[in-house]
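One structure is given below, encoded as structure tokens.
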Amino acid sequence: QSVYDTDAFQSLIAAIENSYGKKYGVDQDTDYAIRVVSEHLRGATHLISDGVIPGNEGRNYVLRRIIRRAIFYSTRHLSNDIQLPRIAEVVIETMASSHPELQHNKAHIQKVLEEEERNFSRTLNSGKQIISSKFGVLGLSATIEKESSSNNLTASSCEKLIQAFSSKVLPDNIKTAFVEPINTALNAQTAKSKSAKLSKSQASKLTKTIPGKCIFLLWDTYGLPPEVTGDIANDCGLQVDMKGFEEHLERNRTASQQFDQENQSKVNNEDWIT
């Protein structure tokens, strides 16, 4: 017996079944989505009741991530009609006897969930377009791979392809970040020989991997969590460089801390006139 077979989760799973018109125990992907939504929403309800709100640091970011992951799996396998505030009501009703503060904070909990649901739905739609559209990363990947499969991919031909790939869906900073590793590899080959080209296996790996910098920009600029980027990429046959993402994340943190320290030093050394 798993934790999802306990009374604490069974009533919540039943509420999700009723809300989305799905049946637990029939399809593996649906079951996983229902478990993600039930577990994440249970945790989110308690965090919001404790005064945590979705944000980008500490517990606030933990809350944002679990709410957004619940939303992603809702839209992925259950329904585009996300109903987190309604399902949270069941969490509150089933746990109010041992956690009376949940009932007291019910309106606030549902409001926070509703706002995050509304905001992230727009972010998620944009992220899917950027990654999985034929005019997004997936389309650019296919265009470059097609050139490499015919053994014609060189630094100059890649540059022409990138310039020709005009898309309102794919932001310039994401496009540039996606092709950076490809250009680096091509330039390294060109340095060895003017006619040198990437092997098909090397080109395929590069064109089918979303670089860490891309993942970081999708998170930092567009609010798409890295794990959600990974799930979207996986759905359309792309890999993700999570190690590269962590490196860019750490680099950004270090730069931010250094910037704060320098500013604080300037403030401390300022000759204030009163």
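Letters A, B, ... mark the chains of the structure tokens in the order given; residue numbers begin at 1 per chain; ligand numbers begin at 1, in order shown.
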Leaving out A:Gly139 and any residue of its chain fewer than 5 positions from it, which residues lie within 12 Å of it when counting only C-alpha atoms, given as a PyMOL selection string?
chain A and resi 129-134+144-146+161-162+165-167+169-170+175+178+207-208+236-238
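The list of residues with at least one atom within 8 Å of stretch 74-83 of chain A, based on only C-alpha atoms and without residues fewer than 2 positions apart in the same chain, reads A:Ser19, A:Tyr20, A:Lys22, A:Asp29, A:Thr30, A:Ala33, A:Ile34, A:Val37, A:Ala70, A:Ile71, A:Phe72, A:Pro85, A:Arg86, A:Ile87, A:Glu117.
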Which residue is closest to A:Val91? Choose from A:Ser204, A:Asn187, A:Asn234, A:Ser49 and count only C-alpha atoms.
A:Ser49
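Remark: for A:Val137, the closest of the candidate residues A:Leu249, A:Leu41, A:Leu63, A:Val240 is A:Val240 (distances computed over only C-alpha atoms).
Proximity ranking of A:Val179, A:Val62, A:Ala155, A:Met242 relative to A:Ile215 places A:Met242 first, based on only C-alpha atoms.
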